[in-house]
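Data from data34.txt: compact mmCIF, C-alpha atoms
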# COMPACT_ATOMS: atom_id res chain seq x y z
CA MET A 1089 -60.50 -33.80 68.28
CA ALA A 1090 -60.51 -36.51 70.91
CA ALA A 1091 -56.73 -36.31 70.93
CA LEU A 1092 -56.78 -32.88 72.48
CA LEU A 1093 -56.04 -33.40 76.13
CA PRO A 1094 -53.86 -36.22 77.51
CA VAL A 1095 -54.33 -37.16 81.14
CA ALA A 1096 -50.63 -36.99 82.01
CA ILE A 1097 -50.94 -33.34 82.92
CA LEU A 1098 -53.26 -34.09 85.81
CA LEU A 1099 -50.76 -34.74 88.55
CA GLU A 1100 -47.28 -33.68 87.64
CA GLY A 1101 -47.51 -30.73 85.22
CA SER A 1102 -46.54 -30.77 81.54
CA THR A 1103 -45.39 -33.85 79.72
CA SER A 1104 -42.34 -34.42 77.58
CA GLY A 1105 -41.17 -36.83 74.94
CA ALA A 1106 -42.36 -37.73 71.46
CA PRO A 1107 -45.89 -36.72 70.38
CA GLU A 1108 -48.50 -39.44 70.53
CA THR A 1109 -50.80 -40.56 67.76
CA GLU A 1110 -54.51 -39.81 67.76
CA ALA A 1111 -55.36 -43.52 67.94
CA HIS A 1112 -53.18 -43.86 71.04
CA LEU A 1113 -54.77 -40.89 72.73
CA ARG A 1114 -58.23 -42.27 72.15
CA GLN A 1115 -57.45 -45.08 74.59
CA PRO A 1116 -56.83 -43.57 78.06
CA GLY A 1117 -56.30 -46.95 79.70
CA PRO A 1118 -53.93 -47.96 82.53
CA GLU A 1119 -51.25 -48.98 80.06
CA ARG A 1120 -50.78 -45.32 79.12
CA LEU A 1121 -50.64 -44.09 82.67
CA GLY A 1122 -48.10 -46.37 84.32
CA SER A 1123 -45.29 -45.22 86.56
CA GLU A 1124 -42.83 -45.48 83.69
CA ARG A 1125 -44.57 -42.65 81.82
CA LEU A 1126 -45.45 -40.45 84.77
CA GLY A 1127 -42.98 -41.47 87.44
CA SER A 1128 -45.91 -41.65 89.83
CA LYS A 1129 -46.30 -44.63 92.17
CA ARG A 1130 -49.38 -42.99 93.60
CA LEU A 1131 -51.06 -43.03 90.21
CA GLU A 1132 -50.06 -46.66 89.69
CA ALA A 1133 -51.67 -47.51 93.03
CA GLU A 1134 -54.83 -45.65 92.09
CA TRP A 1135 -55.16 -47.70 88.91
CA SER A 1136 -54.88 -50.86 90.99
CA ASP A 1137 -58.05 -49.76 92.79
CA PRO A 1138 -60.03 -47.84 90.13
CA GLU A 1139 -63.19 -47.60 92.25
CA GLN A 1140 -61.35 -45.87 95.09
CA SER A 1141 -59.56 -43.59 92.63
CA GLN A 1142 -62.85 -42.64 90.97
CA ASN A 1143 -64.43 -41.80 94.32
CA LYS A 1144 -61.47 -39.62 95.29
CA GLN A 1145 -61.54 -37.81 91.97
CA LEU A 1146 -65.27 -37.20 92.22
CA GLU A 1147 -64.95 -35.87 95.78
CA ASN A 1148 -62.06 -33.60 94.82
CA LYS A 1149 -63.93 -32.33 91.77
CA GLN A 1150 -67.00 -31.50 93.83
CA LEU A 1151 -64.90 -29.57 96.36
CA LYS A 1152 -63.03 -27.63 93.66
CA ASP A 1153 -66.20 -26.89 91.72
CA LEU A 1154 -67.87 -25.60 94.89
CA GLN A 1155 -64.85 -23.41 95.61
CA LEU A 1156 -64.88 -22.11 92.04
CA LYS A 1157 -68.61 -21.42 92.23
CA ASP A 1158 -68.23 -19.49 95.49
CA LEU A 1159 -65.40 -17.37 94.04
CA ALA A 1160 -67.43 -16.66 90.91
CA SER A 1161 -70.45 -15.64 92.98
CA SER A 1162 -68.39 -13.20 95.03
CA TYR A 1163 -66.95 -11.62 91.89
CA GLU A 1164 -70.38 -11.45 90.28
CA ARG A 1165 -71.73 -9.52 93.28
CA ARG A 1166 -68.71 -7.27 93.23
CA LEU A 1167 -69.09 -6.55 89.53
CA THR A 1168 -72.80 -5.83 89.90
CA ASP A 1169 -72.27 -3.54 92.89
CA SER A 1170 -69.34 -1.68 91.32
CA LEU A 1171 -71.41 -0.65 88.30
CA LYS A 1172 -73.90 1.02 90.65
CA GLU A 1173 -71.24 3.67 91.15
CA GLY A 1174 -71.18 4.58 87.46
CA LEU A 1175 -69.10 3.90 84.39
CA PRO A 1176 -66.09 1.59 84.83
CA PHE A 1177 -63.26 4.02 84.11
CA ARG A 1178 -59.73 2.70 83.67
CA ASP A 1179 -56.56 4.36 84.92
CA ASP A 1180 -56.35 6.61 81.83
CA GLY A 1181 -59.72 8.20 82.60
CA PHE A 1182 -61.60 6.43 79.77
CA ALA A 1183 -64.39 3.90 79.97
CA TYR A 1184 -64.09 1.21 77.31
CA ALA A 1185 -66.98 -0.36 75.44
CA VAL A 1186 -65.27 -3.76 75.36
CA ASP A 1187 -65.45 -3.93 79.17
CA LEU A 1188 -69.19 -3.35 79.13
CA GLY A 1189 -69.67 -5.72 76.20
CA ASN A 1190 -67.87 -8.48 78.07
CA THR A 1191 -70.01 -7.68 81.12
CA MET A 1192 -73.21 -7.99 79.09
CA ARG A 1193 -72.19 -11.40 77.72
CA ALA A 1194 -71.25 -12.62 81.19
CA ALA A 1195 -74.55 -11.35 82.59
CA VAL A 1196 -76.49 -13.35 80.00
CA ALA A 1197 -74.51 -16.51 80.76
CA LEU A 1198 -75.15 -15.99 84.49
CA GLY A 1199 -78.81 -15.11 84.00
CA ASN A 1200 -78.19 -11.83 85.83
CA ARG A 1201 -80.70 -9.49 84.19
CA ARG A 1202 -79.93 -6.63 86.59
CA LEU A 1203 -76.24 -6.67 85.67
CA PHE A 1204 -77.06 -6.89 81.97
CA ASP A 1205 -79.50 -3.97 82.06
CA ARG A 1206 -77.02 -1.82 83.97
CA ALA A 1207 -74.21 -2.40 81.44
CA TRP A 1208 -76.56 -2.12 78.46
CA GLY A 1209 -77.91 1.18 79.80
CA MET A 1210 -74.36 2.60 79.96
CA ILE A 1211 -73.60 1.46 76.42
CA ARG A 1212 -76.86 2.89 75.13
CA GLU A 1213 -76.35 6.23 76.86
CA GLN A 1214 -72.66 6.94 76.20
CA PHE A 1215 -71.38 4.63 73.44
CA LEU A 1216 -74.09 3.69 70.96
CA GLN A 1217 -74.35 6.19 68.10
CA VAL A 1218 -78.03 6.70 67.30
CA ASP A 1219 -78.64 10.44 66.87
CA THR A 1220 -76.35 11.01 63.90
CA ASP A 1221 -76.75 12.20 60.33
CA ASP A 1222 -73.87 10.01 59.17
CA PRO A 1223 -75.38 6.78 57.79
CA ARG A 1224 -72.10 4.88 58.23
CA ALA A 1225 -71.98 5.85 61.92
CA LYS A 1226 -75.56 4.83 62.70
CA HIS A 1227 -75.68 2.12 65.41
CA THR A 1228 -71.91 1.88 65.68
CA VAL A 1229 -70.25 1.76 69.10
CA LEU A 1230 -67.72 4.31 70.33
CA TRP A 1231 -64.63 2.34 71.31
CA ARG A 1232 -63.99 4.45 74.43
CA TYR A 1233 -65.61 7.35 76.26
CA LYS A 1234 -64.34 10.14 78.50
CA PRO A 1235 -66.44 13.05 79.78
CA GLY A 1236 -65.64 16.25 77.90
CA VAL A 1237 -63.79 14.45 75.10
CA SER A 1238 -65.38 14.39 71.65
CA PRO A 1239 -66.06 10.93 70.18
CA ASP A 1240 -63.23 10.02 67.81
CA ALA A 1241 -63.98 6.63 66.30
CA SER A 1242 -66.12 3.54 66.48
CA GLY A 1243 -64.58 0.15 67.15
CA SER A 1244 -65.54 -2.79 64.96
CA LYS A 1245 -64.80 -5.27 67.76
CA GLU A 1246 -66.91 -3.26 70.18
CA THR A 1247 -69.78 -3.01 67.70
CA GLY A 1248 -69.69 -6.73 66.93
CA LEU A 1249 -69.45 -7.58 70.62
CA LEU A 1250 -72.55 -5.53 71.38
CA ALA A 1251 -74.47 -7.28 68.59
CA ASP A 1252 -73.42 -10.64 70.05
CA ALA A 1253 -74.42 -9.72 73.61
CA LEU A 1254 -77.79 -8.37 72.52
CA TRP A 1255 -78.50 -11.50 70.49
CA GLU A 1256 -77.62 -13.73 73.43
CA ALA A 1257 -79.95 -11.63 75.61
CA HIS A 1258 -82.73 -12.06 73.06
CA LYS A 1259 -82.27 -15.83 73.09
CA ARG A 1260 -82.24 -16.05 76.89
CA TRP A 1261 -85.01 -13.61 77.75
CA GLU A 1262 -86.99 -13.60 74.48
CA SER A 1263 -86.85 -9.83 74.22
CA PRO A 1264 -88.02 -8.25 70.92
CA GLU A 1265 -86.06 -5.10 71.77
CA HIS A 1266 -82.80 -7.01 72.02
CA HIS A 1267 -83.55 -8.89 68.78
CA GLU A 1268 -84.14 -5.66 66.87
CA MET A 1269 -81.11 -3.88 68.27
CA ALA A 1270 -78.84 -6.88 67.68
CA THR A 1271 -79.68 -6.94 63.97
CA GLN A 1272 -79.30 -3.17 63.64
CA VAL A 1273 -75.93 -3.13 65.38
CA LEU A 1274 -74.76 -6.12 63.33
CA GLY A 1275 -75.75 -4.19 60.20
CA ALA A 1276 -73.52 -1.31 61.32
CA TYR A 1277 -70.67 -3.77 61.91
CA LEU A 1278 -71.04 -5.19 58.40
CA GLU A 1279 -71.33 -1.70 56.90
CA HIS A 1280 -67.62 -1.23 57.61
CA GLY A 1281 -66.63 -4.31 55.65
CA TYR A 1282 -65.82 -5.07 52.05
CA TRP A 1283 -65.49 -8.08 49.76
CA GLU A 1284 -62.20 -9.04 48.19
CA THR A 1285 -62.03 -10.67 44.78
CA ASP A 1286 -61.49 -14.15 46.22
CA ARG A 1287 -64.81 -14.03 48.13
CA ARG A 1288 -63.27 -12.97 51.42
CA PHE A 1289 -65.15 -10.48 53.58
CA ILE A 1290 -63.21 -8.09 55.84
CA VAL A 1291 -64.41 -5.55 58.42
CA LYS A 1292 -62.09 -2.62 59.10
CA ASN A 1293 -60.97 -1.80 62.63
CA TYR A 1294 -62.16 1.76 63.12
CA TYR A 1295 -64.44 4.32 61.52
CA ASN A 1296 -63.29 7.89 62.16
CA TYR A 1297 -66.32 10.05 62.90
CA GLY A 1298 -64.50 13.25 61.98
CA THR A 1299 -62.94 12.27 58.65
CA GLN A 1300 -65.65 9.69 57.90
CA THR A 1301 -63.00 7.22 56.78
CA LEU A 1302 -62.09 3.67 57.72
CA SER A 1303 -58.75 2.52 59.10
CA GLU A 1304 -56.13 1.23 56.67
CA SER A 1305 -54.94 -1.99 58.33
CA THR A 1306 -57.13 -4.66 59.90
CA TRP A 1307 -56.70 -6.56 63.16
CA VAL A 1308 -57.67 -10.16 62.48
CA LEU A 1309 -59.13 -10.57 65.99
CA ASN A 1310 -61.73 -7.92 65.13
CA GLN A 1311 -63.31 -10.31 62.64
CA MET A 1312 -66.31 -12.04 64.25
CA PRO A 1313 -67.65 -14.68 61.83
CA HIS A 1314 -69.07 -16.70 64.73
CA THR A 1315 -71.35 -13.82 65.71
CA ILE A 1316 -72.51 -13.21 62.15
CA ARG A 1317 -73.19 -16.92 61.69
CA LYS A 1318 -75.08 -17.13 65.00
CA ILE A 1319 -77.45 -14.33 64.01
CA ALA A 1320 -77.70 -15.69 60.46
CA CYS A 1321 -78.85 -19.03 61.87
CA GLY A 1322 -81.34 -17.35 64.16
CA THR A 1323 -82.85 -15.15 61.46
CA GLY A 1324 -82.55 -17.60 58.55
CA ASP A 1325 -80.80 -14.90 56.51
CA PRO A 1326 -78.64 -16.51 53.76
CA SER A 1327 -76.92 -13.18 53.07
CA LEU A 1328 -75.60 -13.05 56.62
CA LEU A 1329 -74.41 -16.64 56.35
CA ARG A 1330 -72.53 -15.74 53.16
CA HIS A 1331 -70.84 -12.87 55.01
CA ALA A 1332 -69.96 -15.19 57.90
CA ARG A 1333 -68.33 -17.70 55.58
CA GLY A 1334 -66.43 -15.00 53.74
CA MET A 1335 -65.07 -13.59 56.98
CA ALA A 1336 -64.16 -17.05 58.25
CA ARG A 1337 -62.25 -17.67 55.03
CA PHE A 1338 -60.33 -14.44 55.52
CA THR A 1339 -59.62 -15.21 59.18
CA GLU A 1340 -58.50 -18.76 58.50
CA ALA A 1341 -55.87 -17.50 56.05
CA ALA A 1342 -54.05 -15.78 58.94
CA TYR A 1343 -53.37 -19.13 60.61
CA LEU A 1344 -49.76 -20.20 61.23
CA LYS A 1345 -49.53 -23.34 63.42
CA ASP A 1346 -50.16 -24.68 66.94
CA GLY A 1347 -53.31 -22.57 67.13
CA PHE A 1348 -51.50 -19.26 66.59
CA SER A 1349 -52.47 -16.76 63.91
CA GLN A 1350 -50.98 -13.64 62.39
CA GLU A 1351 -52.51 -10.55 63.94
CA MET A 1352 -52.92 -7.99 61.18
CA TYR A 1353 -53.75 -7.70 57.49
CA ASP A 1354 -52.84 -4.90 55.11
CA ARG A 1355 -52.86 -5.23 51.34
CA GLY A 1356 -50.13 -2.59 51.20
CA ILE A 1357 -47.69 -5.03 52.80
CA GLN A 1358 -47.75 -7.00 49.57
CA THR A 1359 -46.14 -4.06 47.77
CA VAL A 1360 -43.28 -3.98 50.29
CA PHE A 1361 -42.54 -7.67 50.67
CA GLU A 1362 -42.74 -9.68 47.47
CA ASP A 1363 -43.75 -12.99 49.05
CA SER A 1364 -46.21 -11.51 51.54
CA ASP A 1365 -49.89 -12.39 51.46
CA GLY A 1366 -50.78 -9.26 53.45
CA TYR A 1367 -50.89 -10.95 56.86
CA TYR A 1368 -48.29 -10.07 59.47
CA SER A 1369 -47.68 -9.48 63.17
CA PRO A 1370 -46.12 -6.25 64.50
CA ASN A 1371 -42.49 -6.86 65.50
CA GLY A 1372 -42.93 -10.54 64.72
CA ARG A 1373 -44.79 -11.11 68.00
CA LEU A 1374 -47.80 -13.36 68.44
CA LYS A 1375 -50.10 -12.34 71.28
CA LEU A 1376 -51.67 -15.29 73.04
CA GLN A 1377 -54.82 -13.27 73.71
CA SER A 1378 -55.27 -12.50 70.00
CA SER A 1379 -54.79 -16.09 68.86
CA LEU A 1380 -57.24 -17.37 71.48
CA GLU A 1381 -59.86 -14.89 70.32
CA ILE A 1382 -59.26 -15.75 66.66
CA ALA A 1383 -59.55 -19.47 67.42
CA ARG A 1384 -62.82 -18.81 69.23
CA ALA A 1385 -64.20 -16.89 66.26
CA LEU A 1386 -63.30 -19.73 63.88
CA PHE A 1387 -64.66 -22.51 66.08
CA PRO A 1388 -68.05 -23.01 64.33
CA PHE A 1389 -66.27 -23.24 60.96
CA ASN A 1390 -63.01 -24.96 61.81
CA GLY A 1391 -62.18 -26.30 65.25
CA ALA A 1392 -58.51 -27.03 64.52
CA PRO A 1393 -57.02 -23.69 65.71
CA ALA A 1394 -58.89 -23.87 69.03
CA ARG A 1395 -58.01 -27.53 69.52
CA GLU A 1396 -54.35 -26.92 68.78
CA ILE A 1397 -53.84 -23.84 70.92
CA VAL A 1398 -55.51 -25.48 73.92
CA GLY A 1399 -53.27 -28.50 73.37
CA PHE A 1400 -50.23 -26.24 73.05
CA LEU A 1401 -50.99 -24.57 76.39
CA ARG A 1402 -51.96 -27.83 78.09
CA GLU A 1403 -48.53 -29.29 77.40
CA ARG A 1404 -46.72 -26.22 78.74
CA TYR A 1405 -48.67 -24.76 81.63
CA PRO A 1406 -47.83 -23.24 84.06
CA ASP A 1407 -44.95 -22.10 81.80
CA VAL A 1408 -47.22 -20.08 79.55
CA TYR A 1409 -46.39 -16.63 78.17
CA SER A 1410 -48.40 -13.69 76.87
CA HIS A 1411 -46.19 -13.24 73.79
CA TYR A 1412 -44.58 -15.70 71.43
CA TYR A 1413 -42.39 -15.45 68.35
CA TYR A 1414 -42.85 -17.35 65.09
CA ASN A 1415 -39.69 -18.20 63.15
CA PRO A 1416 -40.73 -18.54 59.48
CA ARG A 1417 -37.55 -20.45 58.62
CA SER A 1418 -37.78 -23.14 61.28
CA GLU A 1419 -41.57 -22.77 61.60
CA LYS A 1420 -41.18 -22.91 65.36
CA ILE A 1421 -43.21 -20.93 67.88
CA SER A 1422 -41.21 -19.95 70.96
CA PRO A 1423 -41.87 -17.70 73.97
CA LEU A 1424 -40.19 -14.32 74.03
CA GLY A 1425 -37.41 -14.29 76.62
CA GLU A 1426 -37.92 -10.70 77.71
CA ALA A 1427 -38.67 -11.57 81.32
CA PRO A 1428 -37.86 -14.53 83.54
CA ARG A 1429 -41.55 -15.13 84.14
CA GLN A 1430 -43.76 -13.47 81.54
CA THR A 1431 -46.96 -15.22 82.62
CA TYR A 1432 -50.25 -14.95 80.87
CA ALA A 1433 -53.22 -12.98 82.11
CA LEU A 1434 -56.50 -14.01 83.70
CA SER A 1435 -58.35 -13.15 80.48
CA GLU A 1436 -56.14 -15.60 78.58
CA ARG A 1437 -56.80 -18.28 81.18
CA ALA A 1438 -60.53 -17.60 80.84
CA LEU A 1439 -60.46 -17.99 77.06
CA THR A 1440 -58.50 -21.24 77.39
CA LEU A 1441 -61.08 -22.60 79.84
CA LEU A 1442 -63.89 -21.49 77.54
CA LEU A 1443 -62.42 -23.18 74.45
CA ALA A 1444 -61.62 -26.39 76.32
CA THR A 1445 -65.18 -26.44 77.63
CA ARG A 1446 -66.52 -26.16 74.10
CA PHE A 1447 -64.54 -29.26 73.14
CA ARG A 1448 -65.76 -31.18 76.14
CA ASP A 1449 -69.33 -30.35 75.19
CA SER A 1450 -68.92 -31.22 71.52
CA LEU A 1451 -67.14 -34.55 72.04
CA GLY A 1452 -69.64 -36.10 74.42
CA GLU A 1453 -69.43 -38.26 77.52
CA GLN A 1454 -67.32 -40.99 75.90
CA PHE A 1455 -64.25 -38.74 75.82
CA LEU A 1456 -63.09 -38.04 79.37
CA LEU A 1457 -59.72 -36.46 78.60
CA GLU A 1458 -61.17 -32.98 78.25
CA GLU A 1459 -62.95 -33.26 81.59
CA HIS A 1460 -59.72 -34.24 83.31
CA PHE A 1461 -57.85 -31.30 81.83
CA LEU A 1462 -60.62 -28.84 82.64
CA ARG A 1463 -60.72 -29.97 86.25
CA ASP A 1464 -56.98 -29.61 86.65
CA PHE A 1465 -56.80 -26.33 84.75
CA ALA A 1466 -59.55 -24.71 86.80
CA ALA A 1467 -57.87 -25.83 90.04
CA ARG A 1468 -54.35 -24.71 89.10
CA GLU A 1469 -54.84 -21.74 86.80
CA ILE A 1470 -58.19 -20.12 87.65
CA ILE A 1471 -58.84 -20.54 91.38
CA PRO A 1472 -55.42 -19.29 92.62
CA LYS A 1473 -55.55 -16.28 90.29
CA LEU A 1474 -59.03 -15.31 91.50
CA LYS A 1475 -57.94 -15.65 95.12
CA LYS A 1476 -54.92 -13.46 94.49
CA ARG A 1477 -56.97 -10.72 92.85
CA LYS A 1478 -59.72 -10.78 95.44
CA GLY A 1479 -58.10 -8.02 97.46
CA GLU A 1480 -57.65 -5.65 94.53
CA ALA A 1481 -59.86 -2.58 94.36
CA SER A 1482 -61.87 -2.50 91.14
CA SER A 1483 -61.13 1.16 90.54
CA THR A 1484 -57.38 0.65 90.73
CA SER A 1485 -57.18 -2.43 88.50
CA GLY A 1486 -57.16 -1.35 84.86
CA THR A 1487 -58.18 -4.74 83.50
CA PHE A 1488 -60.73 -5.70 86.17
CA TYR A 1489 -63.78 -4.95 84.03
CA PHE A 1490 -62.21 -6.72 81.04
CA ASP A 1491 -60.86 -9.85 82.78
CA ILE A 1492 -63.54 -10.60 85.35
CA PRO A 1493 -66.54 -10.79 82.97
CA LEU A 1494 -64.56 -13.13 80.70
CA VAL A 1495 -63.67 -15.47 83.54
CA LEU A 1496 -67.22 -15.39 84.94
CA GLU A 1497 -68.61 -16.44 81.56
CA ALA A 1498 -65.98 -19.18 81.24
CA ILE A 1499 -66.72 -20.54 84.73
CA GLN A 1500 -70.44 -20.53 84.08
CA ARG A 1501 -69.97 -22.45 80.81
CA TYR A 1502 -67.66 -24.92 82.57
CA LEU A 1503 -69.94 -25.53 85.57
CA GLY A 1504 -73.23 -25.18 83.74
CA PRO A 1505 -75.19 -27.59 81.52
CA ARG A 1506 -73.35 -28.88 78.50
CA GLU A 1507 -74.16 -27.24 75.19
CA ALA A 1508 -75.25 -29.11 72.08
CA SER A 1509 -72.68 -30.49 69.66
CA GLY A 1510 -71.18 -27.83 67.40
CA SER A 1511 -71.19 -30.01 64.28
CA ALA A 1512 -74.89 -30.79 64.56
CA GLY A 1513 -75.64 -27.12 65.06
CA ARG A 1514 -73.68 -26.22 61.94
CA GLU A 1515 -75.57 -28.75 59.83
CA ASN A 1516 -78.99 -27.57 60.99
CA CYS A 1517 -78.05 -23.94 60.47
CA GLU A 1518 -76.86 -24.51 56.91
CA GLN A 1519 -80.00 -26.41 56.00
CA SER A 1520 -82.23 -23.63 57.32
CA SER A 1521 -80.20 -20.83 55.72
CA GLY A 1522 -80.57 -21.61 52.07
CA ARG A 1523 -78.11 -24.54 51.84
CA LEU A 1524 -75.37 -22.23 50.63
CA GLN A 1525 -72.23 -24.03 49.56
CA SER A 1526 -68.90 -23.12 51.05
CA SER A 1527 -65.54 -23.64 49.40
CA GLY A 1528 -61.98 -24.28 50.54
CA GLY A 1529 -61.23 -25.59 53.99
CA LEU A 1530 -64.34 -24.41 55.83
CA GLN A 1531 -66.72 -27.26 55.02
CA GLY A 1532 -67.10 -29.93 57.70
CA GLY A 1533 -64.25 -28.85 59.96
CA GLY A 1534 -61.86 -27.68 57.29
CA SER A 1535 -58.16 -27.85 56.74
CA LEU A 1536 -55.44 -25.41 57.57
CA LYS A 1537 -52.34 -24.49 55.64

What is this structure when it is put down as structure tokens?
Amino acid sequence: MAALLPVAILLEGSTSGAPETEAHLRQPGPERLGSERLGSKRLEAEWSDPEQSQNKQLENKQLKDLQLKDLASSYERRLTDSLKEGLPFRDDGFAYAVDLGNTMRAAVALGNRRLFDRAWGMIREQFLQVDTDDPRAKHTVLWRYKPGVSPDASGSKETGLLADALWEAHKRWESPEHHEMATQVLGAYLEHGYWETDRRFIVKNYYNYGTQTLSESTWVLNQMPHTIRKIACGTGDPSLLRHARGMARFTEAAYLKDGFSQEMYDRGIQTVFEDSDGYYSPNGRLKLQSSLEIARALFPFNGAPAREIVGFLRERYPDVYSHYYYNPRSEKISPLGEAPRQTYALSERALTLLLATRFRDSLGEQFLLEEHFLRDFAAREIIPKLKKRKGEASSTSGTFYFDIPLVLEAIQRYLGPREASGSAGRENCEQSSGRLQSSGGLQGGGSLK
């Protein structure tokens, strides 16, 4: 994974030319950064005086980090104050549970208990299904709410996200209430899943409260093996760990290349297309947001999708798009040419920053490439976007309550203390959870098709 982030992007944008070997990328010395490769006399001069260059880089990083911290603080205050006015309704008149779930996770990362309690209170009052005679609906989360409109369905992503946020709150504030609710909500999430014959576990997208039936197809991004595994490790429950591995196995099978994954699964597709394995993407499109979320969910089991999609974006930004197309014949992934500048959203930038930060933390101090990329990415892709959106009114921006919590969490992870190595955490978890054996490509980092 040390080959993830070449330094060439730092000064002049994306690189070109033949791909470099992992061994080459492990040696970020002056011979790799000469003017012949980058066309930069300034960089060549900096390498001639490494001490001066290091001082300049440190000073610039401190200034950018301070600017990023100030922007994040202003948005945190704005988010906290805006929820005082009530539910965060979008332009269509609905309030969405995913917005509040993202807010709860961000609040935990920030240590903002007031913001967490405010969002959790809204979820508990309007979205969480407790007083119900339907056992399959118990502790599920309504995917959206509008006054005067009867609840239609729960959302598996929303339910899993709430379980994750509650568990994170339990770990940070040692709250028995959050521990109990996290396990109950996770149980409701798993209740809408099933095992396939090849030991894959799948949770359906929606549960219809009226018909008491589950959806037919399944969005792959709604699978959350990382959350199941996290709670399995915390509770020492080997059954939960088995579910996490089964879901990771299912999710990994949707992988294509360059960090992108197919978006949906439907066994019925196999009856229509002879060579299909049930995975597909509507209209052949690959949403960047979906693939980033899928890569994040797989990270504790297999870091390759996250590593590859961050590398894919690193080599192309700022020419990054929200939608791509996968050609199964050439096996190439290309941006859709529907608009001259179909740029990606703040939420997608936030997920990229979050994944790159995870790699920086897991690889340790000896690998500086990730730190260089993170510094440049935050300066070029996060700070300008936050400045541009600063004048928007929360009530008139449909994605404000979705995007801003994601970017606040990502900034906090980037600026905050480094987390422990992911591989060591996996080993300890497996030892304390019954030493269950996994199969296929999920053991020790895994392999992808």

Given all atoms listed in the file as the counted atoms, nearest of A:Ala1444, A:Met1210, A:Ala1383, A:Leu1249 to A:Val1398: A:Ala1444

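Interatomic distance, atom CA of A:Gly1486 to atom CA of A:Ile1499: 21.4 Å.
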
Determine, using only C-alpha atoms, which residues of stretch 1274-1320 of chain A have any atom at most 8 Å from an atom of stretch 1228-1243 of chain A, and tabulate each with its shortest atom pair and distance in Å to one decimal place, rows ordered by chain and then rising number, as CSV.
residue,atom,partner,partner_atom,distance
A:Ala1276,CA,A:Thr1228,CA,5.6
A:Tyr1277,CA,A:Thr1228,CA,6.9
A:Asn1293,CA,A:Gly1243,CA,6.1
A:Tyr1294,CA,A:Gly1243,CA,5.0
A:Tyr1295,CA,A:Ser1242,CA,5.3
A:Asn1296,CA,A:Ala1241,CA,4.4
A:Tyr1297,CA,A:Ala1241,CA,5.4
A:Gly1298,CA,A:Asp1240,CA,6.8

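Across A:Leu1254, A:Leu1344, A:Leu1503, A:Ile1421, the tightest approach to A:Lys1157 is made by A:Leu1503 when counting only C-alpha atoms.
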
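Nearest residue to A:Gln1500, choosing from A:Leu1151, A:Ala1467, A:Leu1441, A:Leu1401 and counting only C-alpha atoms: A:Leu1441.
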
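Counting all atoms listed in the file, the residue from A:Arg1317, A:Arg1404, A:Arg1437, A:Lys1292 that sits nearest to A:Leu1474 is A:Arg1437.
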
Counting all atoms listed in the file, the option among A:Glu1164, A:Asp1180, A:Asp1346, A:Asp1365 closest to A:Ile1397: A:Asp1346

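Between A:Ser1450 and the residues A:Trp1283, A:Tyr1184, A:Tyr1409, A:Phe1387, the shortest atom-to-atom distance, using all atoms listed in the file, involves A:Phe1387.
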
Pairwise distance for atom CA of A:Ala1270 and atom CA of A:Trp1255, rounded to one decimal in Å: 5.4 Å

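Across the structure, atom CA of A:Tyr1405 and atom CA of A:Leu1439 are spaced 14.3 Å apart.
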
File for stretch 1469-1475 of chain A (N, CA, C and O atoms), as a short mmCIF file (atom, residue, chain, number, x, y, z; two decimals), in the first residue's frame:
data_model
loop_
_atom_site.label_atom_id
_atom_site.label_comp_id
_atom_site.auth_asym_id
_atom_site.auth_seq_id
_atom_site.Cartn_x
_atom_site.Cartn_y
_atom_site.Cartn_z
N GLU A 1469 -8.71 20.80 -2.93
CA GLU A 1469 -10.04 20.24 -3.18
C GLU A 1469 -11.05 20.47 -2.05
O GLU A 1469 -12.25 20.43 -2.29
N ILE A 1470 -10.58 20.69 -0.84
CA ILE A 1470 -11.49 20.87 0.30
C ILE A 1470 -11.66 22.35 0.66
O ILE A 1470 -12.79 22.87 0.72
N ILE A 1471 -10.57 23.04 0.89
CA ILE A 1471 -10.64 24.43 1.34
C ILE A 1471 -11.40 25.33 0.36
O ILE A 1471 -12.32 26.06 0.76
N PRO A 1472 -11.08 25.31 -0.95
CA PRO A 1472 -11.82 26.18 -1.88
C PRO A 1472 -13.31 25.87 -1.94
O PRO A 1472 -14.14 26.77 -2.05
N LYS A 1473 -13.65 24.58 -1.86
CA LYS A 1473 -15.06 24.19 -1.91
C LYS A 1473 -15.81 24.69 -0.68
O LYS A 1473 -16.94 25.18 -0.78
N LEU A 1474 -15.19 24.59 0.49
CA LEU A 1474 -15.82 25.09 1.71
C LEU A 1474 -15.98 26.60 1.67
O LEU A 1474 -17.00 27.14 2.12
N LYS A 1475 -14.99 27.29 1.15
CA LYS A 1475 -15.10 28.75 1.03
C LYS A 1475 -16.24 29.13 0.10
O LYS A 1475 -17.01 30.07 0.37
#
